[in-house]
$ cat data30.cif   # mmCIF, C-alpha atoms and all ligand atoms
data_coords
#
loop_
_atom_site.label_atom_id
_atom_site.label_comp_id
_atom_site.auth_asym_id
_atom_site.auth_seq_id
_atom_site.Cartn_x
_atom_site.Cartn_y
_atom_site.Cartn_z
CA MET V 110 13.19 -111.03 94.47
CA ASN V 111 13.85 -109.54 91.10
CA ASN V 112 17.42 -110.04 89.93
CA ASN V 113 17.01 -108.40 86.56
CA PRO V 114 18.92 -105.08 86.56
CA PHE V 115 16.92 -103.99 83.52
CA SER V 116 13.58 -104.51 85.23
CA LEU V 117 11.20 -101.55 85.16
CA ILE V 118 8.80 -102.90 87.78
CA ASN V 119 7.45 -100.09 89.98
CA LYS V 120 8.60 -97.44 87.51
CA THR V 121 6.27 -95.04 85.70
CA ILE V 122 7.65 -93.91 82.36
CA LEU V 123 6.41 -91.08 80.12
CA VAL V 124 7.14 -91.59 76.43
CA THR V 125 6.52 -88.80 73.90
CA GLY V 126 6.00 -89.71 70.26
CA SER V 127 4.61 -93.03 71.42
CA SER V 128 1.87 -92.99 68.76
CA SER V 129 4.47 -94.15 66.23
CA GLY V 130 7.83 -95.72 65.45
CA ILE V 131 10.56 -95.66 68.05
CA GLY V 132 8.39 -94.10 70.78
CA ALA V 133 5.69 -96.74 70.32
CA SER V 134 8.27 -99.51 70.54
CA VAL V 135 9.90 -97.97 73.63
CA ALA V 136 6.51 -97.87 75.36
CA ILE V 137 5.66 -101.46 74.45
CA GLU V 138 9.06 -102.88 75.44
CA CYS V 139 9.02 -100.93 78.74
CA SER V 140 5.61 -102.38 79.55
CA LYS V 141 6.98 -105.89 78.98
CA LEU V 142 9.59 -105.18 81.67
CA GLY V 143 6.93 -104.15 84.14
CA ALA V 144 6.70 -100.36 83.76
CA LYS V 145 3.52 -98.33 83.98
CA LEU V 146 3.40 -96.18 80.87
CA ILE V 147 2.14 -92.73 80.11
CA ILE V 148 1.97 -92.56 76.35
CA THR V 149 1.41 -89.36 74.41
CA GLY V 150 1.08 -88.14 70.83
CA ARG V 151 -1.31 -86.16 68.62
CA ASP V 152 -2.95 -88.93 66.61
CA LEU V 153 -5.67 -90.58 68.69
CA ASP V 154 -6.01 -93.72 66.55
CA ASN V 155 -2.29 -94.40 66.48
CA LEU V 156 -1.92 -93.71 70.18
CA ASN V 157 -4.75 -96.14 70.83
CA LYS V 158 -2.96 -98.76 68.74
CA THR V 159 0.09 -98.47 70.98
CA TYR V 160 -2.11 -98.49 74.09
CA LYS V 161 -3.66 -101.81 73.04
CA GLU V 162 -0.22 -103.37 72.66
CA LEU V 163 0.95 -102.44 76.15
CA HIS V 164 1.41 -105.34 78.55
CA GLY V 165 0.04 -105.10 82.07
CA LEU V 166 -2.46 -102.67 83.52
CA GLY V 167 -2.66 -99.09 84.76
CA HIS V 168 -1.27 -97.30 81.70
CA ILE V 169 -2.39 -93.80 80.74
CA GLN V 170 -2.70 -92.14 77.34
CA VAL V 171 -2.76 -88.39 76.83
CA ILE V 172 -3.31 -86.57 73.54
CA ALA V 173 -1.03 -83.54 73.36
CA ASP V 174 0.54 -81.34 70.71
CA LEU V 175 3.88 -80.64 72.34
CA ASN V 176 4.31 -77.49 70.28
CA LYS V 177 1.49 -75.97 72.32
CA ASP V 178 2.39 -74.60 75.75
CA GLU V 179 -1.10 -75.27 77.05
CA ASP V 180 -0.88 -78.94 76.00
CA ILE V 181 2.45 -79.34 77.80
CA LYS V 182 0.98 -77.75 80.93
CA ALA V 183 -2.13 -79.95 80.78
CA LEU V 184 -0.03 -83.09 80.29
CA VAL V 185 2.21 -82.25 83.24
CA SER V 186 -0.69 -81.48 85.54
CA GLU V 187 -2.62 -84.60 84.53
CA ILE V 188 0.06 -87.20 85.17
CA PRO V 189 1.33 -88.80 88.35
CA GLU V 190 4.97 -88.59 89.43
CA ILE V 191 7.27 -90.41 87.06
CA ASP V 192 10.57 -92.28 87.17
CA GLY V 193 11.58 -91.57 83.61
CA ILE V 194 10.81 -89.68 80.44
CA VAL V 195 11.76 -90.58 76.89
CA HIS V 196 11.75 -87.73 74.37
CA SER V 197 10.96 -89.48 71.11
CA ALA V 198 8.57 -87.00 69.40
CA GLY V 199 10.38 -85.48 66.45
CA ILE V 200 10.29 -84.72 62.75
CA LEU V 201 12.76 -85.17 59.89
CA GLY V 202 12.29 -82.11 57.64
CA THR V 203 14.78 -82.96 54.90
CA ILE V 204 15.73 -79.75 53.09
CA PRO V 205 18.84 -78.60 51.21
CA PHE V 206 20.74 -75.83 52.98
CA GLY V 207 19.95 -73.32 50.24
CA PHE V 208 16.21 -73.65 50.84
CA ILE V 209 16.22 -73.17 54.61
CA THR V 210 13.84 -70.45 55.81
CA LYS V 211 13.12 -68.99 59.22
CA GLY V 212 9.84 -70.90 59.15
CA LYS V 213 11.62 -74.22 58.52
CA ILE V 214 14.11 -73.56 61.32
CA ASP V 215 11.28 -72.77 63.71
CA GLU V 216 9.27 -75.83 62.64
CA ILE V 217 12.09 -78.33 63.13
CA PHE V 218 13.59 -76.81 66.26
CA ALA V 219 10.16 -76.44 67.90
CA ILE V 220 9.39 -80.15 68.20
CA ASN V 221 12.91 -81.62 68.09
CA PHE V 222 14.47 -79.23 70.58
CA ALA V 223 12.29 -76.59 72.26
CA SER V 224 9.26 -78.71 73.23
CA PRO V 225 11.19 -81.49 75.00
CA ILE V 226 13.18 -78.89 76.92
CA LEU V 227 10.01 -77.12 78.04
CA LEU V 228 8.34 -80.41 78.92
CA SER V 229 11.35 -81.46 81.01
CA LYS V 230 11.49 -78.08 82.70
CA ASN V 231 7.81 -78.18 83.60
CA LEU V 232 8.07 -81.73 84.93
CA LEU V 233 10.83 -80.50 87.24
CA LYS V 234 8.99 -77.35 88.22
CA TYR V 235 5.89 -79.26 89.27
CA ASN V 236 7.92 -81.98 91.01
CA LYS V 237 6.78 -84.73 88.68
CA LEU V 238 10.24 -86.24 88.25
CA LYS V 239 11.13 -88.43 91.20
CA LYS V 240 14.57 -88.61 92.76
CA ASN V 241 16.72 -91.12 90.80
CA SER V 242 14.63 -90.64 87.69
CA SER V 243 16.03 -90.83 84.20
CA ILE V 244 15.63 -88.55 81.18
CA VAL V 245 16.38 -90.10 77.80
CA TRP V 246 16.63 -88.19 74.54
CA ILE V 247 16.32 -89.76 71.11
CA SER V 248 18.93 -87.90 69.13
CA SER V 249 20.52 -89.19 65.92
CA ILE V 250 23.85 -90.00 64.35
CA ALA V 251 22.91 -87.16 61.94
CA GLY V 252 24.42 -83.87 63.04
CA ASN V 253 26.46 -85.54 65.78
CA LEU V 254 28.60 -88.08 63.93
CA ILE V 255 27.69 -87.81 60.25
CA THR V 256 25.53 -85.84 57.89
CA SER V 257 23.92 -86.30 54.49
CA SER V 258 22.50 -84.08 51.78
CA GLY V 259 19.40 -82.30 53.04
CA SER V 260 20.14 -83.09 56.70
CA SER V 261 21.90 -79.90 57.81
CA LEU V 262 18.94 -78.45 59.69
CA TYR V 263 17.68 -81.74 61.11
CA GLY V 264 21.24 -82.61 62.13
CA ALA V 265 21.62 -79.23 63.82
CA SER V 266 18.48 -79.87 65.87
CA LYS V 267 19.88 -83.27 66.87
CA SER V 268 23.32 -81.99 67.85
CA ALA V 269 21.58 -79.27 69.86
CA ILE V 270 19.93 -82.10 71.80
CA ASN V 271 23.32 -83.61 72.66
CA GLY V 272 24.50 -80.21 73.81
CA ILE V 273 21.61 -79.51 76.13
CA ALA V 274 21.59 -83.07 77.47
CA LYS V 275 25.13 -82.61 78.78
CA GLY V 276 24.20 -79.41 80.58
CA MET V 277 21.07 -80.98 82.01
CA ALA V 278 23.03 -84.02 83.19
CA LEU V 279 25.39 -81.77 85.12
CA GLU V 280 22.77 -79.51 86.66
CA LEU V 281 20.26 -82.25 87.51
CA ALA V 282 22.89 -84.51 89.13
CA SER V 283 22.24 -82.79 92.46
CA LYS V 284 18.66 -84.08 92.25
CA LYS V 285 20.03 -87.55 91.34
CA ILE V 286 18.29 -87.26 87.99
CA ARG V 287 20.26 -88.79 85.12
CA VAL V 288 20.15 -87.53 81.54
CA ASN V 289 21.36 -89.62 78.60
CA VAL V 290 21.05 -89.76 74.83
CA VAL V 291 20.51 -92.54 72.31
CA SER V 292 21.65 -91.85 68.74
CA PRO V 293 20.17 -94.24 66.20
CA GLY V 294 21.05 -94.77 62.56
CA VAL V 295 18.19 -95.35 60.10
CA ILE V 296 15.18 -97.16 61.56
CA LYS V 297 12.37 -97.80 59.10
CA THR V 298 9.40 -95.90 60.58
CA ASN V 299 6.71 -93.46 59.48
CA ILE V 300 9.29 -90.69 59.72
CA PHE V 301 10.08 -91.43 56.05
CA ASN V 302 6.41 -91.23 54.99
CA SER V 303 6.75 -87.81 53.34
CA GLY V 304 8.62 -89.67 50.60
CA ILE V 305 11.17 -86.90 50.08
CA ILE V 306 13.67 -89.66 50.72
CA SER V 307 12.36 -92.39 48.42
CA ASP V 308 12.50 -96.16 48.95
CA ASN V 309 15.04 -96.18 46.16
CA ASP V 310 17.30 -93.77 48.10
CA LEU V 311 16.90 -95.91 51.21
CA ASN V 312 17.82 -99.05 49.28
CA MET V 313 21.04 -97.37 48.19
CA GLU V 314 21.71 -96.38 51.80
CA VAL V 315 21.14 -99.75 53.44
CA VAL V 316 24.14 -101.37 51.74
CA LYS V 317 26.41 -98.87 53.53
CA TYR V 318 25.53 -100.44 56.89
CA PRO V 319 28.15 -103.00 57.99
CA LEU V 320 25.36 -105.12 59.52
CA LYS V 321 23.60 -104.89 56.10
CA ARG V 322 20.20 -103.73 57.27
CA PHE V 323 18.45 -100.84 58.95
CA GLY V 324 17.56 -101.10 62.62
CA ASN V 325 14.24 -102.12 64.13
CA PRO V 326 12.54 -99.78 66.60
CA GLU V 327 12.94 -102.27 69.44
CA GLU V 328 16.71 -102.30 68.92
CA VAL V 329 16.63 -98.62 69.90
CA ALA V 330 14.11 -99.32 72.68
CA PHE V 331 16.50 -101.78 74.35
CA GLY V 332 19.18 -99.08 74.55
CA VAL V 333 16.64 -96.66 76.00
CA ILE V 334 15.65 -99.29 78.57
CA TYR V 335 19.26 -99.52 79.74
CA PHE V 336 19.18 -95.78 80.51
CA LEU V 337 15.76 -95.99 82.19
CA SER V 338 16.64 -98.95 84.38
CA ASN V 339 18.81 -99.24 87.47
CA ALA V 340 21.43 -100.96 85.30
CA SER V 341 22.63 -97.46 84.35
CA SER V 342 22.44 -95.93 87.84
CA TRP V 343 25.97 -94.45 87.53
CA THR V 344 25.62 -93.34 83.90
CA THR V 345 24.72 -89.76 83.12
CA GLY V 346 25.56 -87.41 80.25
CA SER V 347 26.37 -90.32 77.95
CA CYS V 348 25.36 -91.04 74.41
CA LEU V 349 24.79 -94.53 73.06
CA THR V 350 25.12 -94.95 69.30
CA ILE V 351 22.88 -97.67 67.85
CA ASP V 352 23.58 -97.73 64.14
CA GLY V 353 24.49 -101.18 62.80
CA GLY V 354 28.08 -100.01 62.54
CA TYR V 355 27.31 -97.20 60.07
CA THR V 356 29.61 -94.65 61.70
CA LEU V 357 32.58 -97.04 61.71
CA LEU V 358 33.22 -96.24 58.06
CA MET H 266 2.10 -73.44 34.49
CA GLU H 267 4.54 -73.16 31.60
CA ILE H 268 7.19 -75.71 30.78
CA THR H 269 9.68 -73.04 29.72
CA SER H 270 9.76 -71.39 33.14
CA PHE H 271 9.72 -74.81 34.83
CA ILE H 272 12.85 -75.74 32.88
CA VAL H 273 14.55 -72.50 33.95
CA ASN H 274 13.73 -73.23 37.60
CA PHE H 275 14.83 -76.84 37.17
CA ALA H 276 18.14 -75.85 35.55
CA ALA H 277 18.82 -73.33 38.33
CA GLN H 278 19.44 -76.26 40.70
CA PHE H 279 22.58 -77.18 38.76
CA GLU H 280 25.94 -75.45 39.09
CA ASP H 281 27.98 -76.55 36.09
CA SER H 282 25.53 -77.62 33.39
CA ASP H 283 24.74 -75.15 30.62
CA ILE H 284 21.09 -74.16 30.27
CA SER H 285 21.17 -75.30 26.64
CA LYS H 286 21.35 -78.90 27.90
CA PHE H 287 17.88 -78.65 29.43
CA THR H 288 14.96 -79.39 27.09
CA PRO H 289 11.58 -81.04 27.72
CA LYS H 290 12.98 -84.30 26.36
CA THR H 291 16.21 -84.28 28.36
CA ASN H 292 16.62 -87.58 30.20
CA PHE H 293 18.05 -85.65 33.13
CA LYS H 294 19.27 -88.42 35.43
CA ILE H 295 21.32 -89.95 32.60
CA GLU H 296 22.17 -87.06 30.31
CA ILE H 297 23.13 -84.44 32.88
CA GLU H 298 26.32 -85.67 34.46
CA GLU H 299 26.02 -83.40 37.46
CA TRP H 300 22.76 -85.03 38.62
CA ASP H 301 22.99 -86.32 42.20
CA SER H 302 20.96 -86.81 45.35
CA LEU H 303 21.41 -83.22 46.53
CA ILE H 304 20.11 -81.86 43.23
CA SER H 305 17.18 -84.25 43.51
CA LEU H 306 16.35 -82.82 46.97
CA SER H 307 16.82 -79.30 45.61
CA VAL H 308 14.33 -79.95 42.80
CA ILE H 309 11.79 -81.15 45.39
CA ALA H 310 12.42 -78.02 47.49
CA MET H 311 12.25 -75.76 44.41
CA VAL H 312 8.87 -77.22 43.39
CA ASP H 313 7.60 -76.58 46.91
CA GLU H 314 8.98 -73.04 47.02
CA LYS H 315 7.95 -71.92 43.50
CA TYR H 316 4.70 -73.83 43.00
CA GLY H 317 3.59 -74.72 46.53
CA ILE H 318 3.46 -78.39 45.48
CA VAL H 319 4.92 -81.23 47.51
CA ILE H 320 6.39 -83.95 45.31
CA LYS H 321 8.15 -87.10 46.44
CA GLY H 322 11.46 -88.73 45.65
CA GLU H 323 9.41 -91.37 43.81
CA ASP H 324 8.00 -88.73 41.47
CA ILE H 325 11.54 -87.92 40.43
CA ASN H 326 12.52 -91.58 40.17
CA ASN H 327 9.48 -92.21 37.98
CA SER H 328 10.27 -89.32 35.64
CA LYS H 329 12.60 -89.96 32.73
CA THR H 330 12.47 -86.54 31.10
CA ILE H 331 12.04 -83.05 32.46
CA GLU H 332 8.66 -83.00 30.75
CA ASP H 333 7.59 -86.14 32.67
CA LEU H 334 8.33 -84.36 35.93
CA PHE H 335 6.71 -81.14 34.69
CA LEU H 336 3.50 -83.06 33.94
CA ILE H 337 3.44 -84.57 37.44
CA VAL H 338 3.87 -81.13 39.01
CA LYS H 339 1.35 -79.56 36.63
CA GLN H 340 -1.25 -82.21 37.41
CA LYS H 341 -0.88 -81.66 41.16
CA TYR H 342 -0.88 -77.89 40.60
CA GLU H 343 -4.18 -77.99 38.75
CA GLN H 344 -5.92 -80.29 41.22
N1 LIG V 401 13.57 -93.38 62.22
C1 LIG V 401 14.85 -93.10 62.16
O1 LIG V 401 15.57 -93.50 61.25
C2 LIG V 401 15.47 -92.24 63.23
C3 LIG V 401 16.87 -92.18 63.29
C4 LIG V 401 17.46 -91.36 64.27
C5 LIG V 401 16.67 -90.65 65.14
N2 LIG V 401 15.31 -90.72 65.03
C6 LIG V 401 14.52 -89.92 65.97
O2 LIG V 401 13.66 -90.75 66.69
C7 LIG V 401 12.50 -90.03 67.10
C8 LIG V 401 11.27 -90.83 66.73
O3 LIG V 401 11.25 -91.01 65.33
P1 LIG V 401 10.39 -92.13 64.59
O4 LIG V 401 11.25 -92.71 63.54
O5 LIG V 401 9.74 -93.00 65.58
O6 LIG V 401 9.33 -91.19 63.86
P2 LIG V 401 7.76 -91.32 63.63
O7 LIG V 401 7.38 -92.75 63.47
O8 LIG V 401 7.44 -90.37 62.56
O9 LIG V 401 7.17 -90.80 65.02
C9 LIG V 401 7.28 -89.47 65.39
C10 LIG V 401 6.45 -89.23 66.62
O10 LIG V 401 6.56 -87.85 67.00
C11 LIG V 401 5.28 -87.38 67.32
N3 LIG V 401 5.18 -85.92 67.12
C12 LIG V 401 5.61 -85.21 66.06
N4 LIG V 401 5.28 -83.91 66.21
C13 LIG V 401 4.64 -83.81 67.40
C14 LIG V 401 4.03 -82.74 68.12
N5 LIG V 401 4.03 -81.47 67.64
N6 LIG V 401 3.47 -83.00 69.33
C15 LIG V 401 3.46 -84.27 69.81
N7 LIG V 401 4.00 -85.30 69.18
C16 LIG V 401 4.58 -85.10 67.98
C17 LIG V 401 4.36 -88.12 66.42
O11 LIG V 401 3.06 -88.10 66.97
P3 LIG V 401 1.70 -88.03 66.09
O12 LIG V 401 1.95 -88.86 64.87
O13 LIG V 401 0.68 -88.61 67.00
O14 LIG V 401 1.50 -86.61 65.77
C18 LIG V 401 4.97 -89.51 66.41
O15 LIG V 401 4.49 -90.27 67.49
C19 LIG V 401 12.60 -88.67 66.40
O16 LIG V 401 13.08 -87.74 67.31
C20 LIG V 401 13.62 -88.91 65.31
O17 LIG V 401 14.30 -87.73 64.95
C21 LIG V 401 14.70 -91.50 64.11
#

$ encode --input "data30.cif" --output "structure tokens" --more "lines below"
Ligand SMILES: NC(=O)c1ccc[n+]([C@@H]2O[C@H](COP(=O)([O-])OP(=O)(O)OC[C@H]3O[C@@H](n4cnc5c(N)ncnc54)[C@H](OP(=O)(O)O)[C@@H]3O)[C@@H](O)[C@H]2O)c1
Amino acid sequence: MNNNPFSLINKTILVTGSSSGIGASVAIECSKLGAKLIITGRDLDNLNKTYKELHGLGHIQVIADLNKDEDIKALVSEIPEIDGIVHSAGILGTIPFGFITKGKIDEIFAINFASPILLSKNLLKYNKLKKNSSIVWISSIAGNLITSSGSSLYGASKSAINGIAKGMALELASKKIRVNVVSPGVIKTNIFNSGIISDNDLNMEVVKYPLKRFGNPEEVAFGVIYFLSNASSWTTGSCLTIDGGYTLL
Amino acid sequence: MEITSFIVNFAAQFEDSDISKFTPKTNFKIEIEEWDSLISLSVIAMVDEKYGIVIKGEDINNSKTIEDLFLIVKQKYEQ
């Protein structure tokens, strides 16, 4: 008997962006709770690193560029039926409003918004999402609850996620598929590697967090696990903010 | 790459500061009151748009004068 409502035993979970940061942590923490993982990303070495950290056996890794239709199709056809998907692949693309171009809009919306929609749609079309499965989006406090200089476009892509997630939650309820969103504050990951936001800027930011630090990827993963597990079986269309209290102020 | 045109492009990111305030030796983060994080991001975006060079927030932090930043951009430009 397993009395843990957060257990993921007998669940197969697909995690995009699992070659890095939040996605990698989600995959690893899910495996510790008994899930079989399908991890995916573009960078083979990084994906392999995550793969090696997974607990248990029977996990699958698939290299895919989710901006490519053919890669989405191949991924969907290759994998077994799943009980959950976590959309964690995404980019930051900090740019002041005055410098936004059509190309920049396309670049950010492609991976943050369009690709996860198309992946979800294809999973449904090819009956890869089981009844009672769970779709979890990694959104952000940016665009939804706050913004900052240079975040207008990124924030727009993230609030678009919250919008579509509500519609999906409603329409997929008849299939008993739940759709929820996690909105993190700053988590120190490779997403800041471009250096446009410098360590100095981040140091000035961290003091604004009531809990006086940025989050760790696993602190987002635990929220995601709530939505993937049976603990949230009556929760759909919700958004969980995980931000160290940042949006209180 | 010419410093004079770089300074014009740099100054264009500011709204209220007169162009005469911008010289190669201007210690921009201190001397130009209007300087803030949005202008810093705009300078990074301007350098990308005008010169096709990607600089980092650190490059700006490490530059005291406009000339310091110009030399960083110029070096990357010529590589
Ligand atoms: N870190 C934060 O502070 C923070 C805060 C709020 C929300 N978020 C959101 O959390 C999610 C994960 O961010 P993170 O911090 O973990 O970032 P990260 O460490 O940079 O990881 C991003 C992941 O997205 C994948 N990816 C990007 N473009 C892709 C593409 N075209 N096809 C397939 N995969 C692609 C990357 O895979 P490869 O490297 O293998 O290409 C990588 O695994 C993002 O949606 C981000 O917006 C992050």

$ closest_atom_pairs --input "data30.cif" --of "chain V" --to "ligand LIG 401 (chain V)" --cutoff "8 Å" --atoms "all atoms listed in the file" --output "CSV"
residue,atom,partner,partner_atom,distance
V:Thr125,CA,V:LIG401,N7,6.4
V:Gly126,CA,V:LIG401,O15,3.2
V:Ser127,CA,V:LIG401,O15,4.8
V:Ser128,CA,V:LIG401,O15,4.0
V:Ser129,CA,V:LIG401,O15,4.1
V:Gly130,CA,V:LIG401,O5,3.3
V:Ile131,CA,V:LIG401,O5,3.7
V:Gly132,CA,V:LIG401,O5,5.5
V:Ala133,CA,V:LIG401,O15,7.2
V:Thr149,CA,V:LIG401,N7,7.1
V:Gly150,CA,V:LIG401,O13,3.9
V:Arg151,CA,V:LIG401,O13,3.5
V:Asp152,CA,V:LIG401,O13,3.7
V:Leu153,CA,V:LIG401,O13,6.9
V:Asn155,CA,V:LIG401,O13,6.5
V:Leu156,CA,V:LIG401,O13,6.5
V:Ile172,CA,V:LIG401,O13,7.9
V:Ala173,CA,V:LIG401,C15,5.8
V:Asp174,CA,V:LIG401,N6,3.6
V:Leu175,CA,V:LIG401,N6,3.8
V:Asn176,CA,V:LIG401,N5,4.8
V:Lys177,CA,V:LIG401,N5,7.7
V:His196,CA,V:LIG401,O16,7.2
V:Ser197,CA,V:LIG401,C7,4.3
V:Ala198,CA,V:LIG401,O10,3.2
V:Gly199,CA,V:LIG401,O16,3.6
V:Ile200,CA,V:LIG401,O17,5.5
V:Leu201,CA,V:LIG401,O17,5.9
V:Ala219,CA,V:LIG401,N5,7.9
V:Ile220,CA,V:LIG401,N5,5.5
V:Asn221,CA,V:LIG401,O16,6.2
V:Ile247,CA,V:LIG401,O2,5.3
V:Ser248,CA,V:LIG401,C5,5.3
V:Ser249,CA,V:LIG401,C4,4.1
V:Ile250,CA,V:LIG401,C4,6.5
V:Ala251,CA,V:LIG401,C4,7.3
V:Tyr263,CA,V:LIG401,O17,7.9
V:Lys267,CA,V:LIG401,O17,7.4
V:Ser292,CA,V:LIG401,C4,6.1
V:Pro293,CA,V:LIG401,C4,4.4
V:Gly294,CA,V:LIG401,C3,5.0
V:Val295,CA,V:LIG401,O1,3.4
V:Ile296,CA,V:LIG401,O1,3.7
V:Lys297,CA,V:LIG401,N1,5.5
V:Thr298,CA,V:LIG401,O7,4.7
V:Asn299,CA,V:LIG401,O7,4.1
V:Ile300,CA,V:LIG401,O8,3.4
V:Phe301,CA,V:LIG401,O8,7.1
V:Asn302,CA,V:LIG401,O8,7.7
V:Gly324,CA,V:LIG401,O1,8.0
V:Pro326,CA,V:LIG401,O5,7.4

$ residues_near_point --input "data30.cif" --point "(6.0, -97.2, 85.5)" --cutoff "10 Å" --atoms "only C-alpha atoms" --output "list in words"
Leu117, Ile118, Asn119, Lys120, Thr121, Ile122, Leu123, Cys139, Ser140, Leu142, Gly143, Ala144, Lys145, Leu146, Ile147, Gly167, His168, Glu190, Ile191, Asp192 and Gly193 of chain V

$ residues_near_point --input "data30.cif" --point "(6.3, -81.8, 37.4)" --cutoff "12 Å" --atoms "only C-alpha atoms" --output "PyMOL selection string"
chain H and resi 266-268+270-272+274-275+289+308-309+311-313+315-343

$ interface_residues --input "data30.cif" --of "chain V" --to "chain H" --cutoff "7 Å" --atoms "only C-alpha atoms" --output "PyMOL selection string"
chain V and resi 204-205+208+258-259+304-307

$ residues_around --input "data30.cif" --residues "Leu349 in chain V" --least-positions-apart "6" --cutoff "9 Å" --atoms "all atoms listed in the file" --output "PDB file with C-alpha atoms, in the coordinates of the input"
ATOM      1  CA  ASN V 289      21.360 -89.620  78.600  1.00  0.00           C
ATOM      2  CA  VAL V 290      21.050 -89.760  74.830  1.00  0.00           C
ATOM      3  CA  VAL V 291      20.510 -92.540  72.310  1.00  0.00           C
ATOM      4  CA  SER V 292      21.650 -91.850  68.740  1.00  0.00           C
ATOM      5  CA  PRO V 293      20.170 -94.240  66.200  1.00  0.00           C
ATOM      6  CA  GLY V 332      19.180 -99.080  74.550  1.00  0.00           C
ATOM      7  CA  VAL V 333      16.640 -96.660  76.000  1.00  0.00           C
TER       8      VAL V 333
END

$ atom_distance --input "data30.cif" --atom1 "CA of Gly272 in chain V" --atom2 "CA of Asn231 in chain V"
19.5 Å

$ axis_aligned_box --input "data30.cif" --around "range 295-304 of chain H" --padding-each-side "5 Å" --output "AutoDock Vina command-line options"
--center_x 23.2 --center_y -85.9 --center_z 38.4 --size_x 16.2 --size_y 18.1 --size_z 26.2

$ residues_around --input "data30.cif" --residues "Glu296 in chain H" --least-positions-apart "2" --cutoff "12 Å" --atoms "only C-alpha atoms" --output "ChimeraX atom specification"
/H:282,286-288,290-294,298-301,329-331

$ atom_distance --input "data30.cif" --atom1 "CA of Lys317 in chain V" --atom2 "CA of Ser260 in chain V"
17.3 Å

$ atom_distance --input "data30.cif" --atom1 "CA of Ile286 in chain V" --atom2 "CA of Asn111 in chain V"
22.9 Å
